[in-house]
Each structure stands twice: as C-alpha cells, then as structure tokens.
Amino acid sequence: MLKLTPVAGALGAEVDGINLCAPLSDDQFEALNQALLEYEVLFFRNQPMKPADHAALADRFGPPQHHEAYPHVDGYSQITILENDEANPSKIEMWHTDMTFRPCPPLGSILHGVIIPERGGDTLFASMSAAWEGLSDHWQQFLSGLTAVHDFSWGFK
C-alpha cells in the first residue's frame with residue numbers, strides 16, 4: 001500500500017510502501033503517476049536502485065531522453081551522471097527546468113543520489129503551477145499572451 005506524506009506546502013511528498021528495485025504492477029504505477037500529478041515531486045528513501053532498476057522505472061513513464069552534455073552510466077545512455085566536487089564543479093547553479101529547449105520536453109527527471117555530502121549539495125524544487133496560481137488574474141492574462149523561446153545556444157556558458 002502506497003503511503004504519501006506531504007513535505008511542503010506547494011509540492012512534494014515522501015513515498016513509502018513501494019520497492020523501486022522491483023518491476024511495478026500497473027496498479028502501483030498508476031498510484032505513483034497520480035501522486036506525481038498531485039505532488040509534482042516525489043521522494044523515496046532507502047531505494048538502492050541499480051541502473052537497470054532506474055531505467056525500468058523511467059521507461060514506465062515513457063521513452064527516455066538523452067542529455068548529451070553529461071557523461072552516462074555504462075550501458076545506460078539514458079542515465080546521466082551528475083557529479084560535482086571541487087575538481088568538477090556544477091555546470092548550472094541557477095533555477096532551471098531540464099531540456100525545455102527540446103521540441104518535446106521530458107515529463108521530468110529521476111534523480112538517484114548515490115554519493116551525498118553530509119551537508120550542502122541540496123537540490124531544490126519549485127512549483128510552477130503554484131507560482132502561476134498565485135498570480136493575479138491581470139498577470140495571468142498578460143502572460144498568457146506571451147511566447148517564450150527556449151534556446152540551448154546559451155547553455156553552459
């Protein structure tokens with residue numbers, strides 16, 4: 001039985017009662033998908049996923065996209081390695097949404113922390129739907145008439 005514990009006001013829930021290291025039943029996947037739609041970000045503790053588990057979970061949500069700017073796990077080109085330290089600093093330290101420049105942007109990202117520092121190294125999340133809902137009718141109407149250009153030509157500069 002899936003147990004969801006909200007962790008913040010605008011988004012996020014911690015998920016218990018599911019093993020991501022095993023194939024998901026259709027009912028389990030549907031419950032996860034509904035939780036993702038409701039909470040936008042899901043957190044799973046103590047899930048020692050191997051690359052095959054990670055790939056299988058991602059595949060349930062649709063065809064994976066490949067991020068060419070980073071190295072990948074051997075044998076799993078759809079799993080990007082995000083690793084940084086003093087010798088290899090992070091390439092992006094600003095708010096961003098992954099790969100919105102693509103004609104069909106990805107649904108989301110699955111992050112699996114393998115080596116996590118005792119402090120720092122946080123990944124932060126923001127709810128764009130809550131930001132939108134928090135705008136006045138005037139601002140929503142104004143913004144609805146605008147077009148954004150998502151262009152990667154400025155990426156990683």
# chains A, B, ... in the order shown; residues from 1 in each chain; ligands from 1
call {"tool": "closest_atom_pairs", "arguments": {"of": "range 6-57 of chain A", "to": "range 64-78 of chain A", "cutoff": "10 Å", "atoms": "only C-alpha atoms", "output": "tab-separated table"}}
result
residue	atom	partner	partner_atom	distance
A:Pro51	CA	A:Tyr76	CA	7.1
A:Ala52	CA	A:Tyr76	CA	8.0
A:His54	CA	A:Tyr76	CA	9.6
A:Ala55	CA	A:Gln78	CA	7.4
call {"tool": "write_last_selection", "arguments": {"atoms": "C-alpha atoms", "output": "mmCIF file, in the first residue's frame"}}
result
data_model
loop_
_atom_site.group_PDB
_atom_site.id
_atom_site.type_symbol
_atom_site.label_atom_id
_atom_site.label_comp_id
_atom_site.auth_asym_id
_atom_site.auth_seq_id
_atom_site.Cartn_x
_atom_site.Cartn_y
_atom_site.Cartn_z
ATOM 1 C CA PRO A 51 20.980 1.261 -13.231
ATOM 2 C CA ALA A 52 18.616 -1.397 -14.632
ATOM 3 C CA HIS A 54 16.427 3.203 -12.647
ATOM 4 C CA ALA A 55 15.988 2.662 -16.389
#
call {"tool": "residues_around", "arguments": {"residues": "Phe61 in chain A", "least_positions_apart": "3", "cutoff": "9 Å", "atoms": "only C-alpha atoms", "output": "ChimeraX atom specification"}}
result
/A:29,33,57-58,64,107
call {"tool": "closest_residue", "arguments": {"among": "A:Asp85, A:Met1, A:Leu11, A:Ala22", "to": "Pro48 in chain A", "atoms": "only C-alpha atoms"}}
result
A:Ala22
call {"tool": "closest_residue", "arguments": {"among": "A:Pro105, A:Thr100, A:Phe125, A:Pro23", "to": "Ala8 in chain A", "atoms": "only C-alpha atoms"}}
result
A:Phe125
call {"tool": "closest_residue", "arguments": {"among": "A:Lys3, A:Arg119, A:Arg45, A:His138", "to": "Ala31 in chain A", "atoms": "only C-alpha atoms"}}
result
A:Lys3
call {"tool": "select_by_dssp", "arguments": {"residues": "chain A", "states": "strand (DSSP E)", "output": "JSON, numbers by chain"}}
result
{"A": [3, 4, 5, 6, 13, 14, 15, 16, 42, 43, 44, 72, 73, 76, 77, 78, 79, 80]}
call {"tool": "closest_atom_pairs", "arguments": {"of": "range 13-116 of chain A", "to": "range 130-134 of chain A", "cutoff": "12 Å", "atoms": "only C-alpha atoms", "output": "CSV"}}
result
residue,atom,partner,partner_atom,distance
A:Glu38,CA,A:Ala130,CA,11.6
A:Tyr39,CA,A:Ala130,CA,10.9
A:Glu40,CA,A:Ala130,CA,10.4
call {"tool": "select_by_dssp", "arguments": {"residues": "range 6-142 of chain A", "states": "helix (DSSP H, G or I)", "output": "ChimeraX atom specification"}}
result
/A:26-39,51-60,128-133,137-142
call {"tool": "closest_residue", "arguments": {"among": "A:Asn19, A:Thr5, A:Gln47, A:Gln34", "to": "Gly113 in chain A", "atoms": "only C-alpha atoms"}}
result
A:Gln47
call {"tool": "residues_around", "arguments": {"residues": "Phe101 in chain A", "least_positions_apart": "4", "cutoff": "8 Å", "atoms": "only C-alpha atoms", "output": "ChimeraX atom specification"}}
result
/A:105,149-152
call {"tool": "write_last_selection", "arguments": {"atoms": "N, CA and C atoms", "output": "compact mmCIF listing (two decimals), in the first residue's frame"}}
result
# COMPACT_ATOMS: atom_id res chain seq x y z
N PRO A 105 9.69 18.41 -24.63
CA PRO A 105 10.47 18.34 -23.39
C PRO A 105 10.09 17.12 -22.57
N VAL A 149 10.87 31.70 -25.84
CA VAL A 149 11.77 30.95 -26.70
C VAL A 149 12.75 30.22 -25.78
N HIS A 150 12.77 28.92 -25.88
CA HIS A 150 13.68 28.10 -25.08
C HIS A 150 14.80 27.68 -26.02
N ASP A 151 15.97 28.26 -25.83
CA ASP A 151 17.08 28.09 -26.76
C ASP A 151 18.32 27.66 -25.99
N PHE A 152 18.89 26.52 -26.37
CA PHE A 152 20.03 25.99 -25.65
C PHE A 152 21.35 26.62 -26.11
call {"tool": "closest_residue", "arguments": {"among": "A:Val114, A:Leu36, A:Ser129, A:His96", "to": "Gly12 in chain A", "atoms": "only C-alpha atoms"}}
result
A:Leu36
call {"tool": "closest_residue", "arguments": {"among": "A:Asn84, A:Asn46, A:Ser109, A:Thr123", "to": "Gly62 in chain A", "atoms": "only C-alpha atoms"}}
result
A:Ser109
